[in-house]
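Report on the following structure.
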Amino acid sequence: MSLGFIGTSILGSVIPVEHRIVVGLAFGAYSAIALRYRVREHLHTVEQVAVGVVLGVMNALAWLQFGMGAGSDVAGPVLAYAREHWVSAETGLFPYSALAIPIVVGIVVVGSFERRIAFYSKSFDIRVCVVDLSKKQIDAWNSRDLPIYEPGLREVVDQSLGKNLFFSLDIDSEIKMADIIFISVNTPTKTQGIGAGRAANIKNCELCARKIAEVSESDKIVVEKSTVPVRTAQAVNRVLECNEKGLKFQVLSNPEFLAEGTAIADLMKPDRVLIGGNQSPEGLKAAETLVSVYANWVPREQILTTNLWSSELSKLVANAFLAQRVSSINSISALCEATGANVSEITRAVGMDDRIGKRFLNSSIGFGGSCFQKDILNLVYLCETYGLKECADYWNQVILMNDYQKKRFSEKMVACMFNTVTGKKIAILGYAFKKDTGDVRETPSMFVVRDLLLEQAQIHVYDPQVKREDMWAEMDYTCDLNPSTYTGLESAVTTSPDAYAACDGAHALAVLTEWDEFKELDFEHIYKSMAKPAFVFDGRNILDHDALRKIGFEVHAIGKPDPNKFSDL
Ligand SMILES: NC(=O)c1ccc[n+]([C@@H]2O[C@H](COP(=O)([O-])OP(=O)(O)OC[C@H]3O[C@@H](n4cnc5c(N)ncnc54)[C@H](O)[C@@H]3O)[C@@H](O)[C@H]2O)c1
Ligand SMILES: O=c1ccn([C@@H]2O[C@H](COP(=O)(O)OP(=O)(O)O[C@H]3O[C@H](CO)[C@@H](O)[C@H](O)[C@H]3O)[C@@H](O)[C@H]2O)c(=O)[nH]1
């Protein structure tokens, strides 16, 4: 397209003025046909065409003015300059050199559009259909109100929905049609039976494999996307092999490494993509097929291929290592509070050693989310199953340290408030397990709230994204807290429309999720509205503690020395 555009422009410039109308009409017809094709093939959006048409018309008018010698007040002097300096006196034509600027601009602008479009057009070759048993989920994905909050997700869905992205309940038909099937179902920690509280429940993966074996009518690649115990692919393969039509399936492991809140960025620019497969010629061929899908947007050198078991286990190890860093720094935060050292200074000092690195060393009230605890427990259980007790104990300590950190925080709150919070209003700022998500699975805030409720506090929660029903559901599922186990639960926990309402009349405020908006609050105003002494408990170390103390707050933060306790600071 750019070459066609540039070529026609050059042609137009060397043809005598009186014939340019013919070239102009030909160029217009060429553009209309080419653009219609590109919109139909999803290479341009209608909006891009609209912008292009406006720019094109402006360009054409400027050229017309130039060619006819007319000039507006603004364009006139520029055109006069151009006529005087650029048009050849002998031929009356535009020299090639004068075309350099529009050509270069054209190549850069249109070319960069095209590279971008080429990227998406490759992806459009692939039809993706997400199927789920849950009608509620599928309806939400097809609506304006997506079932999860994730920055940038709306745009990604809008771009492809109905073009090459579909959400459907028709699992059987979609299995039949697919060449590659990703199993991405939940694999929660077992709640009963053998390994309860530690082993991952892979029942849903097996059910998917059975469904695929039952309804498939052609050979397929089946990809384990869910996080699973090592050697799950063996079970999936056994089930698939039992199909009665003699179909051949190749099972691959392709664990997901995205984190919530940064999911789109992680998807577009992953640190690596891991694909594990059987090392037979068929297995290697299947792995190569999946590699070629990712290679549409991920550089090949970042796509690793391994055997099945290394891939499955790498996912658990990655999460265990990440969580271990959080528990390690959290253990040091307790030592800081006891000695007068400052955990932020320690993080900076040790993180500048390249071998340690700066990332994932933020001390907090503990890690939460649907993955870390579940996956470490999964690893612990695997170690136990293989008789590796010392290894199991080692990784279990990461969880114990996390439990300790959550408990330590709520106990400190009670201790600071004169050993009682009974009947006191406490504002909880942030309920999601981290910022930029509305997810509350295993959120550390919930454990702090539970501890404070058991001390008979009145809790007022504000979180910009968490839905009230999700808060109740998770409290029930994970903490067994519901109106039948805690009388008056719904009146003891209020959800507030904003941080100011939550803090109004409160004895303390606790920041439990690191939402950026909490840093911008008017703390002078909040201080005036609170009961005195007014306590701040910063569970994420995001506030300016010196400024808060100047206002009059009593501030306690994770791993930060208390100036009242250490006179030598
Ligand atoms: N959430 C994350 O950020 C994340 C990141 C990396 C890996 N993972 C892993 O991905 C997997 C899924 O996690 P999630 O957070 O999306 O879980 P989720 O519970 O949010 O979603 C799982 C979905 O699977 C559906 N489902 C269950 N059984 C099914 C079946 N037999 N057929 C069709 N649909 C079925 C459920 O209805 C549900 O909508 C887990 O193994 C998890 O460890 C999650
Ligand atoms: O320095 C840190 C970093 C994180 N956290 C906490 O750790 C938890 C997990 O955070 P994060 O890892 O950013 O979010 P997840 O969405 O749980 O992502 C993890 O779990 C996913 C599911 O397996 C993996 O795909 C990701 O790679 C892995 O980072 C959250 O409560 C964070 O607040 C800290 O306390 N301090």
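Order determines the names: the first chain of the structure tokens is A, the second B, and so forth; residues in each chain are numbered 1 upward, and ligands are numbered 1 upward as they are shown.
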Write out as JSON lines a residue-level contact list of chain A versus ligand 1 with cut-off 6 Å: for each qualifying residue the closest pair of atoms and the distance in Å to one decimal, counting only C-alpha atoms and all ligand atoms, rows sorted by chain and residue number upward.
{"residue": "A:Asp132", "atom": "CA", "partner": "ligand 1", "partner_atom_place_in_ligand_line": "34 (N)", "distance": 3.8}
{"residue": "A:Leu133", "atom": "CA", "partner": "ligand 1", "partner_atom_place_in_ligand_line": "34 (N)", "distance": 4.5}
{"residue": "A:Ser134", "atom": "CA", "partner": "ligand 1", "partner_atom_place_in_ligand_line": "37 (O)", "distance": 4.7}
{"residue": "A:Ser184", "atom": "CA", "partner": "ligand 1", "partner_atom_place_in_ligand_line": "11 (C)", "distance": 5.0}
{"residue": "A:Val185", "atom": "CA", "partner": "ligand 1", "partner_atom_place_in_ligand_line": "24 (O)", "distance": 3.8}
{"residue": "A:Asn186", "atom": "CA", "partner": "ligand 1", "partner_atom_place_in_ligand_line": "12 (C)", "distance": 4.0}
{"residue": "A:Thr187", "atom": "CA", "partner": "ligand 1", "partner_atom_place_in_ligand_line": "41 (O)", "distance": 4.4}
{"residue": "A:Asn204", "atom": "CA", "partner": "ligand 1", "partner_atom_place_in_ligand_line": "28 (N)", "distance": 4.7}
{"residue": "A:Leu207", "atom": "CA", "partner": "ligand 1", "partner_atom_place_in_ligand_line": "31 (N)", "distance": 5.1}
{"residue": "A:Cys208", "atom": "CA", "partner": "ligand 1", "partner_atom_place_in_ligand_line": "31 (N)", "distance": 4.9}
{"residue": "A:Ser226", "atom": "CA", "partner": "ligand 1", "partner_atom_place_in_ligand_line": "41 (O)", "distance": 3.5}
{"residue": "A:Thr227", "atom": "CA", "partner": "ligand 1", "partner_atom_place_in_ligand_line": "41 (O)", "distance": 3.9}
{"residue": "A:Glu256", "atom": "CA", "partner": "ligand 1", "partner_atom_place_in_ligand_line": "6 (C)", "distance": 4.4}
{"residue": "A:Phe257", "atom": "CA", "partner": "ligand 1", "partner_atom_place_in_ligand_line": "6 (C)", "distance": 5.1}
{"residue": "A:Leu258", "atom": "CA", "partner": "ligand 1", "partner_atom_place_in_ligand_line": "5 (C)", "distance": 5.3}
{"residue": "A:Ala259", "atom": "CA", "partner": "ligand 1", "partner_atom_place_in_ligand_line": "3 (O)", "distance": 5.2}
{"residue": "A:Glu260", "atom": "CA", "partner": "ligand 1", "partner_atom_place_in_ligand_line": "3 (O)", "distance": 5.0}
{"residue": "A:Cys371", "atom": "CA", "partner": "ligand 1", "partner_atom_place_in_ligand_line": "43 (O)", "distance": 5.5}
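Residues of protein, DNA or RNA lying at most 6 Å from ligand 2, when only C-alpha atoms and all ligand atoms are considered, are A:Glu256, A:Phe257, A:Leu258, A:Ala259, A:Glu260, A:Asn319, A:Val326, A:Phe360, A:Leu361, A:Asn362, A:Ser363, A:Ser364, A:Gly366, A:Phe367, A:Gly368, A:Gly369, A:Cys371, A:Phe372, A:Phe433, A:Lys434.
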Since we have the selection now, will you write its residues out, keeping N, CA, C and O atoms, as a PDB file, in the first residue's frame?
ATOM      1  N   GLU A 256       1.435 -20.691  32.101  1.00  0.00           N
ATOM      2  CA  GLU A 256       1.183 -19.255  31.968  1.00  0.00           C
ATOM      3  C   GLU A 256       1.950 -18.518  33.069  1.00  0.00           C
ATOM      4  O   GLU A 256       1.880 -18.887  34.227  1.00  0.00           O
ATOM      5  N   PHE A 257       2.669 -17.458  32.681  1.00  0.00           N
ATOM      6  CA  PHE A 257       3.468 -16.715  33.668  1.00  0.00           C
ATOM      7  C   PHE A 257       2.948 -15.304  33.909  1.00  0.00           C
ATOM      8  O   PHE A 257       3.579 -14.538  34.628  1.00  0.00           O
ATOM      9  N   LEU A 258       1.829 -14.926  33.300  1.00  0.00           N
ATOM     10  CA  LEU A 258       1.373 -13.541  33.494  1.00  0.00           C
ATOM     11  C   LEU A 258       0.956 -13.298  34.939  1.00  0.00           C
ATOM     12  O   LEU A 258       0.545 -14.226  35.643  1.00  0.00           O
ATOM     13  N   ALA A 259       1.106 -12.039  35.360  1.00  0.00           N
ATOM     14  CA  ALA A 259       0.634 -11.647  36.692  1.00  0.00           C
ATOM     15  C   ALA A 259      -0.587 -10.759  36.523  1.00  0.00           C
ATOM     16  O   ALA A 259      -0.691 -10.013  35.541  1.00  0.00           O
ATOM     17  N   GLU A 260      -1.522 -10.831  37.446  1.00  0.00           N
ATOM     18  CA  GLU A 260      -2.711  -9.986  37.358  1.00  0.00           C
ATOM     19  C   GLU A 260      -2.309  -8.526  37.532  1.00  0.00           C
ATOM     20  O   GLU A 260      -1.346  -8.214  38.233  1.00  0.00           O
ATOM     21  N   ASN A 319       7.018 -19.753  40.704  1.00  0.00           N
ATOM     22  CA  ASN A 319       6.173 -19.138  41.725  1.00  0.00           C
ATOM     23  C   ASN A 319       6.759 -19.321  43.123  1.00  0.00           C
ATOM     24  O   ASN A 319       6.696 -18.412  43.961  1.00  0.00           O
ATOM     25  N   VAL A 326       9.431 -12.738  48.680  1.00  0.00           N
ATOM     26  CA  VAL A 326       8.541 -11.898  49.498  1.00  0.00           C
ATOM     27  C   VAL A 326       8.618 -12.349  50.964  1.00  0.00           C
ATOM     28  O   VAL A 326       8.741 -11.520  51.872  1.00  0.00           O
ATOM     29  N   PHE A 360      10.657  -7.505  43.099  1.00  0.00           N
ATOM     30  CA  PHE A 360       9.992  -8.476  43.974  1.00  0.00           C
ATOM     31  C   PHE A 360      10.611  -8.555  45.363  1.00  0.00           C
ATOM     32  O   PHE A 360      10.789  -9.630  45.931  1.00  0.00           O
ATOM     33  N   LEU A 361      10.970  -7.388  45.894  1.00  0.00           N
ATOM     34  CA  LEU A 361      11.526  -7.352  47.248  1.00  0.00           C
ATOM     35  C   LEU A 361      10.760  -6.353  48.103  1.00  0.00           C
ATOM     36  O   LEU A 361      11.322  -5.811  49.054  1.00  0.00           O
ATOM     37  N   ASN A 362       9.500  -6.081  47.748  1.00  0.00           N
ATOM     38  CA  ASN A 362       8.730  -5.125  48.541  1.00  0.00           C
ATOM     39  C   ASN A 362       8.106  -5.818  49.733  1.00  0.00           C
ATOM     40  O   ASN A 362       7.286  -6.728  49.570  1.00  0.00           O
ATOM     41  N   SER A 363       8.492  -5.331  50.892  1.00  0.00           N
ATOM     42  CA  SER A 363       7.931  -5.890  52.110  1.00  0.00           C
ATOM     43  C   SER A 363       6.446  -5.508  52.193  1.00  0.00           C
ATOM     44  O   SER A 363       6.048  -4.432  51.759  1.00  0.00           O
ATOM     45  N   SER A 364       5.616  -6.399  52.714  1.00  0.00           N
ATOM     46  CA  SER A 364       4.163  -6.157  52.694  1.00  0.00           C
ATOM     47  C   SER A 364       3.500  -6.889  53.854  1.00  0.00           C
ATOM     48  O   SER A 364       4.181  -7.512  54.670  1.00  0.00           O
ATOM     49  N   GLY A 366       2.101  -9.459  53.432  1.00  0.00           N
ATOM     50  CA  GLY A 366       2.143 -10.859  53.002  1.00  0.00           C
ATOM     51  C   GLY A 366       1.614 -10.979  51.594  1.00  0.00           C
ATOM     52  O   GLY A 366       0.893 -10.103  51.120  1.00  0.00           O
ATOM     53  N   PHE A 367       1.997 -12.057  50.932  1.00  0.00           N
ATOM     54  CA  PHE A 367       1.497 -12.233  49.561  1.00  0.00           C
ATOM     55  C   PHE A 367       0.119 -12.878  49.576  1.00  0.00           C
ATOM     56  O   PHE A 367      -0.225 -13.626  50.487  1.00  0.00           O
ATOM     57  N   GLY A 368      -0.660 -12.550  48.534  1.00  0.00           N
ATOM     58  CA  GLY A 368      -1.966 -13.179  48.350  1.00  0.00           C
ATOM     59  C   GLY A 368      -2.112 -13.572  46.900  1.00  0.00           C
ATOM     60  O   GLY A 368      -1.121 -13.695  46.178  1.00  0.00           O
ATOM     61  N   GLY A 369      -3.360 -13.743  46.468  1.00  0.00           N
ATOM     62  CA  GLY A 369      -3.607 -14.133  45.082  1.00  0.00           C
ATOM     63  C   GLY A 369      -3.880 -15.620  44.975  1.00  0.00           C
ATOM     64  O   GLY A 369      -3.625 -16.384  45.909  1.00  0.00           O
ATOM     65  N   CYS A 371      -2.467 -17.833  43.175  1.00  0.00           N
ATOM     66  CA  CYS A 371      -1.402 -18.734  42.696  1.00  0.00           C
ATOM     67  C   CYS A 371      -0.344 -19.121  43.724  1.00  0.00           C
ATOM     68  O   CYS A 371      -0.056 -20.316  43.879  1.00  0.00           O
ATOM     69  N   PHE A 372       0.259 -18.124  44.396  1.00  0.00           N
ATOM     70  CA  PHE A 372       1.456 -18.426  45.185  1.00  0.00           C
ATOM     71  C   PHE A 372       1.221 -19.535  46.215  1.00  0.00           C
ATOM     72  O   PHE A 372       1.933 -20.532  46.249  1.00  0.00           O
ATOM     73  N   PHE A 433      -5.871  -8.307  46.326  1.00  0.00           N
ATOM     74  CA  PHE A 433      -4.596  -8.878  46.792  1.00  0.00           C
ATOM     75  C   PHE A 433      -3.387  -8.092  46.310  1.00  0.00           C
ATOM     76  O   PHE A 433      -2.282  -8.261  46.797  1.00  0.00           O
ATOM     77  N   LYS A 434      -3.596  -7.206  45.327  1.00  0.00           N
ATOM     78  CA  LYS A 434      -2.571  -6.267  44.859  1.00  0.00           C
ATOM     79  C   LYS A 434      -3.297  -5.191  44.075  1.00  0.00           C
ATOM     80  O   LYS A 434      -4.502  -5.321  43.813  1.00  0.00           O
TER      81      LYS A 434
END
Could you check how far atom CA of A:Ala427 sits from atom CA of A:Gln405, in Å to one decimal?
-> 19.8 Å
Within 7 Å of A:Ser311, counting only C-alpha atoms, which residues qualify if same-chain residues fewer than 3 places away don't, as a ChimeraX atom specification?
-> /A:253,274-276,306-308,314-315
Distance query A:Ile558 at most 12 Å, only C-alpha atoms, self and fewer than 5 positions along chain excluded, as a ChimeraX atom specification = /A:329-338,340-344,362-366,405-406,408-410,412-413,510-512,536-543,545
Which stretch 233-266 of chain A residues have any atom within 12 Å of an atom of stretch 190-203 of chain A, and for each, what is the nearest pair of atoms with distance in Å to one decimal, counting only C-alpha atoms, rows sorted by chain and number, as CSV?
residue,atom,partner,partner_atom,distance
A:Ala233,CA,A:Ile202,CA,10.8
A:Ala235,CA,A:Ile202,CA,9.8
A:Val236,CA,A:Ile202,CA,10.0
Take the residues from that selection and write them out as a PDB file, in the first residue's frame, keeping N, CA, C and O atoms.
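Writing done, so here's result_11.pdb:
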ATOM      1  N   ALA A 233       0.665 -34.321  32.615  1.00  0.00           N
ATOM      2  CA  ALA A 233       0.504 -34.586  31.174  1.00  0.00           C
ATOM      3  C   ALA A 233       0.378 -36.083  30.909  1.00  0.00           C
ATOM      4  O   ALA A 233      -0.275 -36.496  29.944  1.00  0.00           O
ATOM      5  N   ALA A 235      -1.218 -38.224  32.779  1.00  0.00           N
ATOM      6  CA  ALA A 235      -2.622 -38.585  33.012  1.00  0.00           C
ATOM      7  C   ALA A 235      -3.492 -38.097  31.849  1.00  0.00           C
ATOM      8  O   ALA A 235      -4.352 -38.833  31.347  1.00  0.00           O
ATOM      9  N   VAL A 236      -3.243 -36.858  31.412  1.00  0.00           N
ATOM     10  CA  VAL A 236      -4.035 -36.293  30.308  1.00  0.00           C
ATOM     11  C   VAL A 236      -3.856 -37.169  29.068  1.00  0.00           C
ATOM     12  O   VAL A 236      -4.822 -37.516  28.376  1.00  0.00           O
TER      13      VAL A 236
END
Atom CA of A:Val215 to atom CA of A:Pro255: how many Å, to one decimal?
-> 24.9 Å
Do a neighbour search on stretch 470-479 of chain A at 8 Å with only C-alpha atoms, toss out local chain neighbours closer than 5 positions, and write the hits as a PDB file with all heavy atoms, in the first residue's frame.
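The new file around-v6.pdb reads:
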ATOM      1  N   VAL A 440      -9.825 -10.985  44.763  1.00  0.00           N
ATOM      2  CA  VAL A 440      -9.663 -11.057  46.232  1.00  0.00           C
ATOM      3  C   VAL A 440      -9.268 -12.459  46.694  1.00  0.00           C
ATOM      4  O   VAL A 440      -9.254 -12.733  47.890  1.00  0.00           O
ATOM      5  CB  VAL A 440     -10.958 -10.641  46.965  1.00  0.00           C
ATOM      6  CG1 VAL A 440     -11.259  -9.177  46.725  1.00  0.00           C
ATOM      7  CG2 VAL A 440     -12.145 -11.498  46.542  1.00  0.00           C
ATOM      8  N   ARG A 441      -8.906 -13.339  45.756  1.00  0.00           N
ATOM      9  CA  ARG A 441      -8.572 -14.699  46.181  1.00  0.00           C
ATOM     10  C   ARG A 441      -7.318 -14.677  47.061  1.00  0.00           C
ATOM     11  O   ARG A 441      -6.305 -14.105  46.691  1.00  0.00           O
ATOM     12  CB  ARG A 441      -8.384 -15.600  44.952  1.00  0.00           C
ATOM     13  CG  ARG A 441      -9.704 -15.859  44.225  1.00  0.00           C
ATOM     14  CD  ARG A 441      -9.529 -16.705  42.995  1.00  0.00           C
ATOM     15  NE  ARG A 441      -8.939 -15.974  41.888  1.00  0.00           N
ATOM     16  CZ  ARG A 441      -8.738 -16.489  40.679  1.00  0.00           C
ATOM     17  NH1 ARG A 441      -9.071 -17.740  40.433  1.00  0.00           N
ATOM     18  NH2 ARG A 441      -8.210 -15.762  39.712  1.00  0.00           N
ATOM     19  N   GLU A 442      -7.434 -15.258  48.247  1.00  0.00           N
ATOM     20  CA  GLU A 442      -6.327 -15.333  49.217  1.00  0.00           C
ATOM     21  C   GLU A 442      -5.759 -13.954  49.554  1.00  0.00           C
ATOM     22  O   GLU A 442      -4.577 -13.831  49.898  1.00  0.00           O
ATOM     23  CB  GLU A 442      -5.190 -16.223  48.689  1.00  0.00           C
ATOM     24  CG  GLU A 442      -5.524 -17.702  48.614  1.00  0.00           C
ATOM     25  CD  GLU A 442      -5.568 -18.395  49.972  1.00  0.00           C
ATOM     26  OE1 GLU A 442      -5.019 -17.855  50.951  1.00  0.00           O
ATOM     27  OE2 GLU A 442      -6.193 -19.471  50.037  1.00  0.00           O
ATOM     28  N   MET A 446      -8.034  -9.855  53.740  1.00  0.00           N
ATOM     29  CA  MET A 446      -9.117 -10.647  54.340  1.00  0.00           C
ATOM     30  C   MET A 446      -8.692 -11.244  55.686  1.00  0.00           C
ATOM     31  O   MET A 446      -9.484 -11.288  56.634  1.00  0.00           O
ATOM     32  CB  MET A 446      -9.480 -11.769  53.368  1.00  0.00           C
ATOM     33  CG  MET A 446     -10.467 -12.774  53.908  1.00  0.00           C
ATOM     34  SD  MET A 446     -10.853 -13.958  52.635  1.00  0.00           S
ATOM     35  CE  MET A 446      -9.256 -14.689  52.311  1.00  0.00           C
ATOM     36  N   PHE A 447      -7.433 -11.666  55.777  1.00  0.00           N
ATOM     37  CA  PHE A 447      -6.976 -12.287  57.021  1.00  0.00           C
ATOM     38  C   PHE A 447      -6.861 -11.242  58.131  1.00  0.00           C
ATOM     39  O   PHE A 447      -7.162 -11.510  59.288  1.00  0.00           O
ATOM     40  CB  PHE A 447      -5.641 -13.009  56.792  1.00  0.00           C
ATOM     41  CG  PHE A 447      -5.793 -14.159  55.823  1.00  0.00           C
ATOM     42  CD1 PHE A 447      -5.531 -13.984  54.470  1.00  0.00           C
ATOM     43  CD2 PHE A 447      -6.240 -15.395  56.255  1.00  0.00           C
ATOM     44  CE1 PHE A 447      -5.699 -15.025  53.571  1.00  0.00           C
ATOM     45  CE2 PHE A 447      -6.410 -16.447  55.361  1.00  0.00           C
ATOM     46  CZ  PHE A 447      -6.142 -16.266  54.011  1.00  0.00           C
ATOM     47  N   ARG A 450     -10.409 -10.536  59.144  1.00  0.00           N
ATOM     48  CA  ARG A 450     -10.910 -11.642  59.979  1.00  0.00           C
ATOM     49  C   ARG A 450     -10.403 -11.506  61.424  1.00  0.00           C
ATOM     50  O   ARG A 450     -11.180 -11.586  62.379  1.00  0.00           O
ATOM     51  CB  ARG A 450     -10.443 -12.983  59.410  1.00  0.00           C
ATOM     52  CG  ARG A 450     -10.886 -14.168  60.245  1.00  0.00           C
ATOM     53  CD  ARG A 450     -10.034 -15.391  60.033  1.00  0.00           C
ATOM     54  NE  ARG A 450      -8.616 -15.128  60.268  1.00  0.00           N
ATOM     55  CZ  ARG A 450      -7.641 -15.965  59.938  1.00  0.00           C
ATOM     56  NH1 ARG A 450      -7.917 -17.087  59.341  1.00  0.00           N
ATOM     57  NH2 ARG A 450      -6.378 -15.661  60.189  1.00  0.00           N
TER      58      ARG A 450
END
Quick one: DSSP strand (DSSP E) residues in stretch 143-302 of chain A, as a PyMOL selection string?
-> chain A and resi 165-168+180-183+220-224+249-253+273-277
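The coordinates place atom CA of A:Asp219 at 4.9 Å from atom CA of A:Lys248.
Those residues that approach A:Lys519 to within 9 Å, counting only C-alpha atoms, are Glu514, Trp515, Asp516, Asp522, Ile542, Leu543 and Asp544 of chain A; same-chain residues fewer than 3 positions away are not listed.
Considering only C-alpha atoms, the residue among A:Thr305, A:Ser567, A:Gln456, A:Thr437 positioned nearest to A:Val421 is A:Gln456.
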Considering only C-alpha atoms, return as an MDAnalysis selection string whatever protein or nucleic-acid residues lie within 12 Å of A:Tyr149, sequence-local ones (same chain, fewer than 3 positions apart) excluded.
-> chainID A and resid 140:141 144:146 152:154 260:264 432 435:440 464:467
Using N, CA, C and O atoms, can you export the residues from the last selection as a short mmCIF file (atom, residue, chain, number, x, y, z; two decimals), in the first residue's frame?
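And here is the file that came out, out_18.cif:
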data_model
loop_
_atom_site.label_atom_id
_atom_site.label_comp_id
_atom_site.auth_asym_id
_atom_site.auth_seq_id
_atom_site.Cartn_x
_atom_site.Cartn_y
_atom_site.Cartn_z
N ALA A 140 -20.73 -12.61 30.39
CA ALA A 140 -20.00 -11.40 30.79
C ALA A 140 -18.90 -11.07 29.77
O ALA A 140 -18.70 -9.91 29.41
N TRP A 141 -18.21 -12.11 29.27
CA TRP A 141 -17.15 -11.85 28.28
C TRP A 141 -17.72 -11.27 27.00
O TRP A 141 -17.05 -10.50 26.30
N ARG A 144 -20.47 -5.68 27.71
CA ARG A 144 -19.59 -4.52 27.96
C ARG A 144 -18.96 -4.61 29.35
O ARG A 144 -18.00 -3.92 29.64
N ASP A 145 -19.53 -5.47 30.21
CA ASP A 145 -19.07 -5.55 31.60
C ASP A 145 -18.25 -6.83 31.77
O ASP A 145 -18.76 -7.87 32.17
N LEU A 146 -16.96 -6.76 31.45
CA LEU A 146 -16.10 -7.95 31.49
C LEU A 146 -16.06 -8.52 32.91
O LEU A 146 -16.17 -7.77 33.89
N GLY A 152 -6.22 -2.46 30.23
CA GLY A 152 -5.93 -2.74 28.82
C GLY A 152 -6.73 -3.91 28.24
O GLY A 152 -6.73 -4.12 27.03
N LEU A 153 -7.43 -4.64 29.09
CA LEU A 153 -8.15 -5.84 28.61
C LEU A 153 -9.31 -5.46 27.68
O LEU A 153 -9.54 -6.10 26.65
N ARG A 154 -10.04 -4.40 28.06
CA ARG A 154 -11.20 -3.98 27.26
C ARG A 154 -10.79 -3.74 25.80
O ARG A 154 -11.43 -4.21 24.87
N GLU A 260 -1.52 -10.83 37.45
CA GLU A 260 -2.71 -9.99 37.36
C GLU A 260 -2.31 -8.53 37.53
O GLU A 260 -1.35 -8.21 38.23
N GLY A 261 -3.05 -7.65 36.88
CA GLY A 261 -2.74 -6.22 36.96
C GLY A 261 -1.79 -5.80 35.85
O GLY A 261 -1.79 -4.65 35.43
N THR A 262 -0.94 -6.74 35.37
CA THR A 262 -0.04 -6.44 34.26
C THR A 262 -0.20 -7.51 33.17
O THR A 262 0.71 -7.75 32.38
N ALA A 263 -1.37 -8.13 33.14
CA ALA A 263 -1.58 -9.30 32.27
C ALA A 263 -1.34 -8.97 30.79
O ALA A 263 -0.70 -9.76 30.08
N ILE A 264 -1.82 -7.82 30.33
CA ILE A 264 -1.71 -7.54 28.90
C ILE A 264 -0.25 -7.29 28.52
O ILE A 264 0.26 -7.81 27.52
N ALA A 432 -8.22 -5.77 47.50
CA ALA A 432 -7.69 -6.68 46.46
C ALA A 432 -6.31 -7.17 46.89
O ALA A 432 -5.62 -6.52 47.68
N LYS A 435 -2.58 -4.13 43.69
CA LYS A 435 -3.26 -3.06 42.95
C LYS A 435 -3.56 -3.49 41.51
O LYS A 435 -3.02 -4.49 41.02
N ASP A 436 -4.43 -2.71 40.87
CA ASP A 436 -4.80 -2.94 39.47
C ASP A 436 -5.51 -4.25 39.20
O ASP A 436 -5.45 -4.81 38.09
N THR A 437 -6.15 -4.79 40.23
CA THR A 437 -7.01 -5.95 40.03
C THR A 437 -8.16 -5.85 41.02
O THR A 437 -8.04 -5.16 42.05
N GLY A 438 -9.26 -6.53 40.69
CA GLY A 438 -10.37 -6.61 41.65
C GLY A 438 -10.39 -7.99 42.30
O GLY A 438 -11.34 -8.33 43.00
N ASP A 439 -9.36 -8.78 42.07
CA ASP A 439 -9.31 -10.17 42.55
C ASP A 439 -9.05 -10.19 44.06
O ASP A 439 -8.16 -9.49 44.56
N VAL A 440 -9.83 -10.98 44.76
CA VAL A 440 -9.66 -11.06 46.23
C VAL A 440 -9.27 -12.46 46.69
O VAL A 440 -9.25 -12.73 47.89
N PRO A 464 -11.20 0.38 45.23
CA PRO A 464 -11.77 0.91 43.98
C PRO A 464 -12.29 -0.15 43.00
O PRO A 464 -13.06 0.18 42.10
N GLN A 465 -11.91 -1.39 43.14
CA GLN A 465 -12.32 -2.39 42.14
C GLN A 465 -13.01 -3.63 42.69
O GLN A 465 -13.63 -4.36 41.94
N VAL A 466 -12.90 -3.86 43.98
CA VAL A 466 -13.45 -5.11 44.51
C VAL A 466 -14.97 -5.05 44.59
O VAL A 466 -15.54 -4.06 45.04
N LYS A 467 -15.61 -6.14 44.14
CA LYS A 467 -17.08 -6.21 44.21
C LYS A 467 -17.45 -6.80 45.57
O LYS A 467 -16.84 -7.78 46.03
#
